[in-house]
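Source file: upload_6.txt (compact mmCIF, C-alpha atoms and all ligand atoms)
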# COMPACT_ATOMS: atom_id res chain seq x y z
CA MET A 1 -8.87 13.11 34.16
CA ASN A 2 -6.11 11.58 36.23
CA ALA A 3 -2.40 12.25 35.87
CA SER A 4 -1.53 8.97 34.18
CA ARG A 5 -4.16 9.60 31.51
CA VAL A 6 -2.73 13.05 30.90
CA VAL A 7 0.73 11.50 30.56
CA LEU A 8 -0.59 8.83 28.19
CA ILE A 9 -2.25 11.46 26.00
CA PHE A 10 0.90 13.57 26.05
CA ILE A 11 3.00 10.57 25.03
CA CYS A 12 0.54 9.73 22.26
CA LEU A 13 0.61 13.28 20.93
CA THR A 14 4.39 13.39 21.06
CA ILE A 15 4.64 10.09 19.27
CA SER A 16 2.11 11.02 16.65
CA VAL A 17 4.09 14.17 15.85
CA LEU A 18 7.41 12.31 15.67
CA TRP A 19 6.20 9.13 14.03
CA ALA A 20 2.94 9.94 12.27
CA GLU A 21 4.30 8.73 8.98
CA GLY A 22 1.88 7.60 6.38
CA ASN A 23 2.00 4.20 4.80
CA VAL A 24 1.18 4.89 1.18
CA THR A 25 2.70 2.60 -1.45
CA TYR A 26 2.21 2.28 -5.18
CA SER A 27 2.98 -0.14 -7.95
CA LEU A 28 3.19 0.84 -11.61
CA GLN A 29 1.75 -1.81 -13.92
CA LYS A 30 4.06 -2.37 -16.88
CA ALA A 31 3.87 -4.13 -20.21
CA THR A 32 5.92 -7.32 -20.58
CA ASN A 33 7.71 -6.01 -23.68
CA PRO A 34 7.51 -2.22 -23.34
CA THR A 35 7.93 0.14 -26.28
CA GLU A 36 10.29 3.15 -26.21
CA ASP A 37 7.28 5.35 -25.50
CA GLN A 38 6.22 3.17 -22.57
CA LEU A 39 9.73 3.04 -21.10
CA ASP A 40 9.97 6.82 -21.27
CA ALA A 41 6.53 7.21 -19.67
CA TYR A 42 7.29 4.68 -16.91
CA ALA A 43 10.45 6.55 -15.90
CA ARG A 44 8.62 9.89 -15.73
CA ILE A 45 5.62 8.44 -13.88
CA GLU A 46 7.87 6.69 -11.36
CA ALA A 47 9.82 9.87 -10.70
CA ALA A 48 6.57 11.76 -10.09
CA MET A 49 4.97 9.00 -7.99
CA ASP A 50 8.10 8.41 -5.89
CA SER A 51 8.14 12.07 -4.92
CA ALA A 52 4.37 12.24 -4.36
CA VAL A 53 4.34 9.14 -2.15
CA PHE A 54 7.41 10.43 -0.26
CA MET A 55 5.57 13.67 0.52
CA TYR A 56 2.35 11.93 1.58
CA ASN A 57 4.27 9.55 3.83
CA LYS A 58 6.18 12.38 5.42
CA TYR A 59 3.36 14.89 5.89
CA THR A 60 0.23 12.76 6.35
CA SER A 61 -0.62 9.67 8.38
CA LEU A 62 -2.64 8.15 5.54
CA SER A 63 -2.33 4.58 4.31
CA LYS A 64 -3.28 3.04 0.99
CA LYS A 65 -1.92 0.76 -1.71
CA ILE A 66 -2.14 2.57 -5.05
CA THR A 67 -2.06 0.89 -8.45
CA VAL A 68 -0.78 3.09 -11.28
CA TYR A 69 -1.31 2.65 -15.01
CA TYR A 70 0.08 4.33 -18.10
CA ASP A 71 -2.94 4.51 -20.42
CA VAL A 72 -2.67 6.54 -23.64
CA GLY A 73 -6.48 6.67 -23.76
CA VAL A 74 -6.60 8.95 -20.70
CA PRO A 75 -6.67 12.65 -21.68
CA THR A 76 -4.67 14.00 -18.71
CA ALA A 77 -4.60 11.85 -15.58
CA GLN A 78 -7.36 10.34 -13.47
CA ALA A 79 -7.93 8.49 -10.21
CA ASN A 80 -10.58 6.78 -8.13
CA PHE A 81 -11.22 5.98 -4.48
CA ASP A 82 -10.32 2.30 -5.00
CA GLY A 83 -6.72 3.40 -5.36
CA VAL A 84 -6.19 3.44 -9.12
CA ILE A 85 -4.33 6.31 -10.82
CA SER A 86 -3.95 6.43 -14.61
CA PHE A 87 -1.66 8.78 -16.50
CA GLY A 88 -2.28 9.62 -20.17
CA SER A 89 0.44 10.20 -22.75
CA ASN A 90 0.86 13.95 -22.13
CA ARG A 91 4.24 14.29 -20.40
CA SER A 92 3.33 17.60 -18.77
CA TYR A 93 1.04 15.71 -16.38
CA MET A 94 3.73 13.22 -15.35
CA VAL A 95 4.86 15.52 -12.55
CA VAL A 96 4.66 15.43 -8.77
CA GLY A 97 1.93 18.11 -8.59
CA THR A 98 -0.41 16.07 -10.79
CA ALA A 99 0.51 12.85 -8.95
CA MET A 100 -0.34 14.46 -5.60
CA HIS A 101 -3.55 15.94 -7.01
CA GLU A 102 -4.60 12.45 -8.17
CA MET A 103 -3.69 11.06 -4.74
CA GLY A 104 -6.16 13.55 -3.28
CA HIS A 105 -8.85 11.82 -5.37
CA VAL A 106 -7.57 8.43 -4.17
CA PHE A 107 -8.15 9.60 -0.58
CA GLY A 108 -11.68 10.79 -1.33
CA VAL A 109 -11.60 14.29 -2.84
CA GLY A 110 -14.42 14.36 -5.39
CA THR A 111 -14.66 10.57 -5.31
CA THR A 112 -16.74 10.02 -2.15
CA SER A 113 -20.15 11.13 -0.92
CA GLU A 114 -18.40 12.17 2.32
CA TYR A 115 -16.50 14.84 0.35
CA LYS A 116 -19.56 16.01 -1.60
CA ASN A 117 -21.68 16.26 1.55
CA LEU A 118 -19.13 18.56 3.16
CA ILE A 119 -19.20 21.10 0.29
CA VAL A 120 -22.00 23.57 1.06
CA ASP A 121 -22.40 26.72 -1.06
CA GLY A 122 -18.91 26.22 -2.44
CA VAL A 123 -17.20 26.02 0.96
CA PHE A 124 -15.76 22.88 2.56
CA GLN A 125 -17.34 22.50 6.01
CA GLY A 126 -15.03 20.00 7.75
CA ALA A 127 -13.82 21.30 11.12
CA GLN A 128 -10.29 19.81 10.97
CA THR A 129 -9.71 21.16 7.46
CA THR A 130 -11.02 24.62 8.29
CA ALA A 131 -8.77 24.76 11.37
CA LYS A 132 -5.82 23.75 9.20
CA ILE A 133 -6.38 26.40 6.49
CA ILE A 134 -6.77 29.06 9.19
CA GLU A 135 -3.43 27.91 10.62
CA ILE A 136 -1.77 27.92 7.18
CA GLU A 137 -3.10 31.29 6.06
CA GLY A 138 -2.97 32.92 9.49
CA LYS A 139 -6.42 34.42 8.86
CA ALA A 140 -9.45 33.67 11.04
CA ASN A 141 -11.81 33.73 8.06
CA ALA A 142 -9.74 31.47 5.78
CA VAL A 143 -11.72 28.67 4.13
CA ILE A 144 -11.23 25.88 1.62
CA GLN A 145 -13.48 26.39 -1.39
CA GLY A 146 -14.57 23.64 -3.69
CA ASP A 147 -17.03 22.08 -6.09
CA GLY A 148 -18.14 18.47 -6.38
CA THR A 149 -14.76 17.35 -7.70
CA HIS A 150 -11.98 19.76 -6.69
CA PHE A 151 -10.96 22.18 -3.95
CA TRP A 152 -8.69 25.21 -3.64
CA PRO A 153 -6.27 26.49 -2.49
CA TYR A 154 -3.71 23.67 -2.28
CA GLY A 155 -5.72 21.29 -4.43
CA LEU A 156 -2.81 21.36 -6.93
CA ASN A 157 -5.30 21.65 -9.77
CA TYR A 158 -2.85 23.64 -11.95
CA ALA A 159 0.93 23.69 -12.22
CA SER A 160 0.81 27.42 -11.41
CA GLU A 161 -0.34 26.57 -7.87
CA ILE A 162 3.08 25.12 -7.05
CA LYS A 163 5.48 27.91 -6.25
CA SER A 164 7.61 25.99 -3.77
CA GLU A 165 7.82 22.78 -1.82
CA GLN A 166 5.78 24.48 0.90
CA ASP A 167 2.69 24.35 -1.33
CA LEU A 168 3.12 20.58 -1.59
CA ILE A 169 3.40 20.29 2.20
CA TYR A 170 0.24 22.38 2.68
CA HIS A 171 -1.55 20.13 0.19
CA CYS A 172 -0.59 17.14 2.36
CA TRP A 173 -1.79 18.85 5.53
CA ILE A 174 -5.14 19.69 3.91
CA ILE A 175 -5.67 16.16 2.54
CA ASP A 176 -4.75 14.68 5.94
CA ALA A 177 -7.29 16.97 7.64
CA MET A 178 -9.94 16.29 4.97
CA TYR A 179 -9.57 12.54 5.41
CA LYS A 180 -10.20 12.98 9.15
CA ASP A 181 -13.24 15.10 8.34
CA PHE A 182 -14.52 12.51 5.83
CA PHE A 183 -14.07 9.39 7.89
CA LYS A 184 -13.55 10.65 11.45
CA GLU A 185 -10.28 8.79 11.80
CA GLU A 186 -7.44 9.88 14.03
CA LEU A 187 -4.11 8.26 14.83
CA PHE A 188 -4.43 7.62 18.57
CA PHE A 189 -1.36 5.64 19.55
CA THR A 190 1.80 4.13 18.10
CA GLY A 191 3.61 1.55 20.23
CA LYS A 192 3.10 -1.98 21.55
CA LEU A 193 0.22 -3.81 23.22
CA LYS A 194 1.44 -5.94 26.13
CA SER A 195 -0.41 -8.76 27.82
CA ASP A 196 -0.42 -9.23 31.56
CA GLN A 197 2.24 -11.94 31.17
CA GLY A 198 4.60 -9.42 29.59
CA LEU A 199 4.28 -10.62 25.98
CA CYS A 200 3.33 -8.27 23.17
CA MET A 201 1.08 -8.69 20.14
CA VAL A 202 3.47 -9.45 17.29
CA ARG A 203 2.70 -9.77 13.63
CA SER A 204 3.81 -13.02 12.04
CA ASP A 205 2.86 -12.90 8.37
CA HIS A 206 -0.97 -13.02 8.41
CA SER A 207 -1.11 -14.24 12.00
CA LEU A 208 -1.11 -12.24 15.18
CA LEU A 209 0.78 -13.94 17.99
CA LEU A 210 2.14 -13.07 21.41
CA GLY A 211 5.90 -12.66 21.52
CA ASP A 212 8.89 -10.53 22.40
CA CYS A 213 8.04 -6.87 22.96
CA GLU A 214 11.39 -5.95 21.41
CA ASP A 215 10.34 -7.43 18.07
CA PRO A 216 9.94 -4.62 15.49
CA LEU A 217 6.84 -6.45 14.21
CA ALA A 218 5.18 -5.70 17.56
CA ILE A 219 4.62 -2.06 16.56
CA VAL A 220 0.92 -1.32 16.32
CA LYS A 221 -0.88 1.85 15.29
CA LEU A 222 -4.25 2.45 16.89
CA TYR A 223 -6.63 4.58 14.85
CA ARG A 224 -9.63 6.08 16.62
CA LEU A 225 -12.77 5.90 14.47
CA GLY A 226 -15.91 8.01 14.68
CA ASP A 227 -16.58 11.52 15.94
CA LYS A 228 -18.25 10.74 19.26
CA THR A 229 -18.24 8.12 22.00
CA PRO A 230 -18.25 5.19 21.99
CA TYR A 231 -15.22 5.37 19.75
CA THR A 232 -14.01 2.21 18.09
CA TYR A 233 -10.39 1.53 17.21
CA ARG A 234 -8.51 -0.15 14.40
CA LEU A 235 -5.31 -1.97 15.34
CA GLU A 236 -2.85 -1.75 12.45
CA PHE A 237 0.19 -3.98 12.11
CA GLY A 238 1.83 -2.71 8.94
CA GLU A 239 -0.73 -2.76 6.15
CA LEU A 240 -2.97 -5.33 7.91
CA VAL A 241 -5.38 -4.90 10.81
CA LEU A 242 -6.58 -7.09 13.65
CA ASP A 243 -9.50 -9.13 12.33
CA VAL A 244 -11.75 -11.94 13.52
CA PRO A 245 -11.87 -14.52 10.71
CA ASN A 246 -15.21 -14.79 8.88
CA GLU A 247 -16.77 -12.25 11.28
CA THR A 248 -17.48 -15.15 13.63
CA THR A 249 -18.94 -14.42 17.06
CA ALA A 250 -17.90 -17.82 18.44
CA PRO A 251 -15.90 -17.55 21.70
CA ASN A 252 -12.31 -18.84 21.73
CA THR A 253 -11.76 -18.02 18.06
CA GLU A 254 -8.18 -17.01 17.37
CA VAL A 255 -7.87 -13.52 15.89
CA GLY A 256 -5.76 -12.83 12.82
CA LEU A 257 -4.77 -10.05 10.47
CA TYR A 258 -6.52 -8.92 7.32
CA ARG A 259 -6.86 -5.91 5.03
CA TRP A 260 -9.00 -3.14 6.50
CA ASN A 261 -12.61 -3.30 5.30
CA GLY A 262 -14.18 -1.08 7.94
CA LYS A 263 -16.53 -3.68 9.39
CA ASN A 264 -17.21 -4.32 13.06
CA HIS A 265 -15.20 -7.55 13.32
CA GLN A 266 -12.14 -5.34 12.71
CA ARG A 267 -13.11 -2.71 15.29
CA VAL A 268 -12.22 -2.79 18.96
CA LEU A 269 -13.65 -0.91 21.94
CA ILE A 270 -11.25 0.10 24.71
CA ASP A 271 -12.27 0.09 28.37
CA SER A 272 -9.80 1.24 30.96
CA THR A 273 -9.40 -0.76 34.13
CA ALA A 274 -7.28 -0.38 37.25
CA GLY A 275 -3.54 0.15 37.02
CA GLY A 276 -3.57 1.82 33.60
CA ARG A 277 -4.52 -1.42 31.90
CA VAL A 278 -7.32 -1.80 29.38
CA THR A 279 -9.66 -4.44 28.08
CA LEU A 280 -10.16 -4.73 24.33
CA LYS A 281 -13.63 -5.73 23.23
CA MET A 282 -14.46 -6.79 19.66
CA ASN A 283 -17.24 -4.56 18.36
CA HIS A 284 -19.17 -7.26 16.45
CA GLY A 285 -19.71 -9.88 19.15
CA ASN A 286 -18.87 -8.20 22.48
CA LEU A 287 -16.09 -10.72 23.13
CA TYR A 288 -12.82 -9.72 24.77
CA LEU A 289 -9.30 -10.21 23.47
CA GLU A 290 -7.60 -12.73 25.72
CA ALA A 291 -4.00 -13.98 25.87
CA GLN A 292 -3.76 -17.76 25.69
CA ASN A 293 -0.11 -18.85 25.65
CA ASN A 294 1.21 -17.30 22.44
CA ARG A 295 -2.23 -16.92 20.86
CA ILE A 296 -4.87 -14.18 21.04
CA VAL A 297 -8.50 -15.27 21.07
CA GLN A 298 -11.85 -13.54 21.52
CA ALA A 299 -13.39 -14.79 24.77
CA LEU A 300 -16.43 -14.27 26.99
CA PRO A 301 -15.92 -11.41 29.44
CA SER A 302 -14.35 -12.21 32.78
CA ALA A 303 -13.46 -9.27 35.00
CA SER A 304 -11.19 -11.41 37.16
CA ASN A 305 -9.24 -12.81 34.22
CA ALA A 306 -5.84 -11.09 34.01
CA ASN A 307 -5.38 -12.55 30.53
CA GLN A 308 -7.97 -10.03 29.31
CA LYS A 309 -5.92 -7.07 30.56
CA TRP A 310 -3.58 -5.22 28.21
CA SER A 311 -1.27 -2.25 28.58
CA PHE A 312 0.02 0.32 26.12
CA LEU A 313 3.77 0.34 25.75
CA SER A 314 4.95 3.55 24.17
CA LEU A 315 7.92 3.54 21.87
CA GLY A 316 10.71 4.64 24.15
CA ASP A 317 9.40 2.79 27.21
CA GLU A 318 10.60 -0.53 25.92
CA PRO A 319 13.95 -1.94 26.95
CA SER A 320 15.29 -2.39 23.43
CA VAL A 321 17.06 0.45 21.68
CA SER A 322 17.15 -1.22 18.29
CA ILE A 323 13.91 0.36 17.07
CA LEU A 324 14.78 3.76 18.49
CA ARG A 325 18.11 3.68 16.77
CA HIS A 326 16.37 2.87 13.51
CA LYS A 327 13.86 5.66 14.07
CA GLY A 328 16.67 8.06 14.97
CA VAL A 329 18.36 7.50 11.67
CA LYS A 330 15.10 8.00 9.84
CA PHE A 331 14.31 11.17 11.75
CA SER A 332 17.68 12.76 11.08
CA GLN A 333 17.35 11.85 7.40
CA ASN A 334 14.14 13.81 7.35
CA LYS A 335 16.01 16.93 8.43
CA ARG A 336 18.20 16.95 5.35
CA GLN A 337 17.71 19.42 2.58
CA PHE A 338 15.25 18.47 -0.06
CA HIS A 339 16.07 18.57 -3.70
CA VAL A 340 13.19 19.81 -5.76
CA ASP A 341 13.08 20.26 -9.48
CA LEU A 342 11.68 23.26 -11.31
CA LYS A 343 8.22 21.75 -11.48
CA GLY A 344 8.23 21.19 -7.75
CA ARG A 345 8.99 17.47 -7.85
CA VAL A 346 10.74 16.48 -4.66
CA LEU A 347 13.57 14.04 -5.10
CA PRO A 348 14.08 11.47 -2.39
CA SER A 349 17.81 11.96 -1.73
CA GLN A 350 18.76 8.50 -2.98
CA LYS A 351 16.74 8.83 -6.18
CA ARG A 352 17.70 10.88 -9.17
CA SER A 353 16.14 10.95 -12.54
CA ARG A 354 17.47 12.18 -15.84
CA PHE A 355 14.27 14.20 -16.23
CA GLN A 356 14.85 16.25 -13.12
CA LYS A 357 16.92 19.42 -12.95
CA ARG A 358 17.79 20.09 -9.37
CA ILE A 359 17.25 23.13 -7.26
CA THR A 360 17.59 23.08 -3.51
CA ILE A 361 15.01 24.29 -1.04
CA ASP A 362 15.70 24.25 2.67
CA SER A 363 13.58 21.84 4.60
CA PRO A 364 11.34 23.65 7.12
ZN ZN B 1 -8.81 16.13 -10.45
Any chance you could put this one into structure tokens?
Ligand SMILES: [Zn+2]
Amino acid sequence: MNASRVVLIFICLTISVLWAEGNVTYSLQKATNPTEDQLDAYARIEAAMDSAVFMYNKYTSLSKKITVYYDVGVPTAQANFDGVISFGSNRSYMVVGTAMHEMGHVFGVGTTSEYKNLIVDGVFQGAQTTAKIIEIEGKANAVIQGDGTHFWPYGLNYASEIKSEQDLIYHCWIIDAMYKDFFKEELFFTGKLKSDQGLCMVRSDHSLLLGDCEDPLAIVKLYRLGDKTPYTYRLEFGELVLDVPNETTAPNTEVGLYRWNGKNHQRVLIDSTAGGRVTLKMNHGNLYLEAQNNRIVQALPSASNANQKWSFLSLGDEPSVSILRHKGVKFSQNKRQFHVDLKGRVLPSQKRSRFQKRITIDSP
């Protein structure tokens, strides 16, 4: 391992600690002419979901769009892996603990075969999760126990499991580790991808173009997929990923952006070349990403073609300070005290709800 690779890994680790925010969003589906009961439920559900999403985005690097329903036919609350959460009419479940518990199901707890396969004799076997519970408990023999649907501790299965905000944070850490154990995904890099001509991949709506590296839409997250070599990578620009339209293997097809579906036309292999640069090969057709003016196409390999060479530009290496300034503000906001209500619901500082009595817990 050469020095520059060590530096790159160090930078990636540093960045993933500072900026490994999740990208979880939700939308609550509402009736056109809501009743008093619905309005009351919507306010409570939004308070709970705002706090739950805030926690997941702060303490995990997970991404998903969640759709939330208020459905009086649901006994308590329920969720599925497609990203749907439904709350029933019982107000005692419209709290952050329940919302976070349901988000665990949304990210695969009890809703995927990957989860079920990792429960053996009542003990969760995933290496990342086991390492995390040992770290949390400070005991070498600590384990996560579970059945086909739920796990403990930190599964937030009962209100009594939430004694402080710390229990919510540990829940996030465990879900983040479980997701890595389920799907072998790891945030590898956050920054920019620069062509040999000095232009960066920049998101433009559903297109991916080459443009100014100072553009905030140039920020890409690379997720490493799989648990052994050859690893493939997903290139995320916001909620969309680099994608070859219609899975075509035709050379000189322009790449675009699409929702992640896990298939090989959205996965890239990385080969390092001289001078710290890399080539990026599409995993479905063995074609290489090539810069052509302000477009990115998949092209036949050509070792001598500089347009197929890319470099990683870490946040902080770029000339612009605009993004760093933005991040700085965000980071210092995260150091503020949290306001948490008596049921453990964390209030984003700008949001208050008439249902929440406030107590203050120091942020760790
Ligand atoms: Zn459950």
TODO: Set the cut-off to 8 Å, count all atoms listed in the file, and list whatever residues fall near ligand ZN 1 (chain B) as a list in words.
DONE: Ala77, Gln78, Ala79, His101, Glu102, His105, Gly110, Thr149, His150 and Asn157 of chain A
TODO: Give as a list in words every residue, naming chains and numbers as the document does, that has an atom within 9 Å of (-6.1, -19.3, 16.3), counting all atoms listed in the file.
DONE: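 Residues satisfying the cut-off, written out: Ser207, Leu208, Leu209, Asn252, Thr253, Glu254, Val255, Gly256, Arg295, Ile296 and Val297 of chain A.
If you measure from each of A:Tyr233, A:Phe151, A:Phe312, A:Tyr59 to Glu165 of chain A using all atoms listed in the file, the closest one turns out to be A:Tyr59.
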- [ ] Tell me which of A:Pro251, A:Ser311, A:Ser272, A:Leu168 sits closest to Asn286 of chain A, counting only C-alpha atoms.
- [x]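 Under the stated criterion, the closest residue is A:Pro251.
Proximity of A:Asp147, A:Ala47, A:Ala299, A:Gln292 to Asn117 of chain A, computed with only C-alpha atoms, is greatest for A:Asp147.
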Open item on the list: Within 10 Å of (2.0, -0.2, 1.2) in the file's own coordinates, which protein, DNA or RNA residues have an atom, counting all atoms listed in the file? List them as a PyMOL selection string.
Closed with: chain A and resi 22-27+63-66+238-240
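Proximity to Leu257 of chain A was assessed for A:His206, A:Lys221, A:Lys281, A:Lys58 counting only C-alpha atoms; the smallest distance is recorded for A:His206.
Atom pair atom CA of Lys194 of chain A / atom CA of Asp212 of chain A: separated by 9.5 Å.
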Open item on the list: Can you tell me which residues surround Ala274 of chain A at a distance of at most 12 Å, considering all atoms listed in the file, apart from same-chain residues fewer than 3 positions away, and format the answer as an MDAnalysis selection string?
Closed with: chainID A and resid 4:5 271 277:279 303:304 306 309:311
Open item on the list: So that I can check the surroundings of Leu210 of chain A, please list as a list in words every protein, DNA and RNA residue that reaches within 9 Å of it, counting all atoms listed in the file and ignoring chain neighbours fewer than 5 positions away.
Closed with: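 Those residues are Lys194, Ser195, Leu199, Cys200, Met201, Val202, Arg203, Ala218, Ala291, Gln292, Asn293, Asn294, Arg295 and Ile296 of chain A.
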TODO: Might you pull out every residue within 9 Å of Tyr42 of chain A, with only C-alpha atoms counted and same-chain residues fewer than 3 positions away left off, and present them as a list in words?
DONE: Leu28, Lys30, Asp37, Gln38, Leu39, Ile45, Glu46, Ala47 and Tyr70 of chain A
TODO: Could you check which of A:Thr190, A:Asn305, A:Ser86, A:Asn264 is closest to Thr98 of chain A, using all atoms listed in the file?
DONE: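 Under the stated criterion, the closest residue is A:Ser86.
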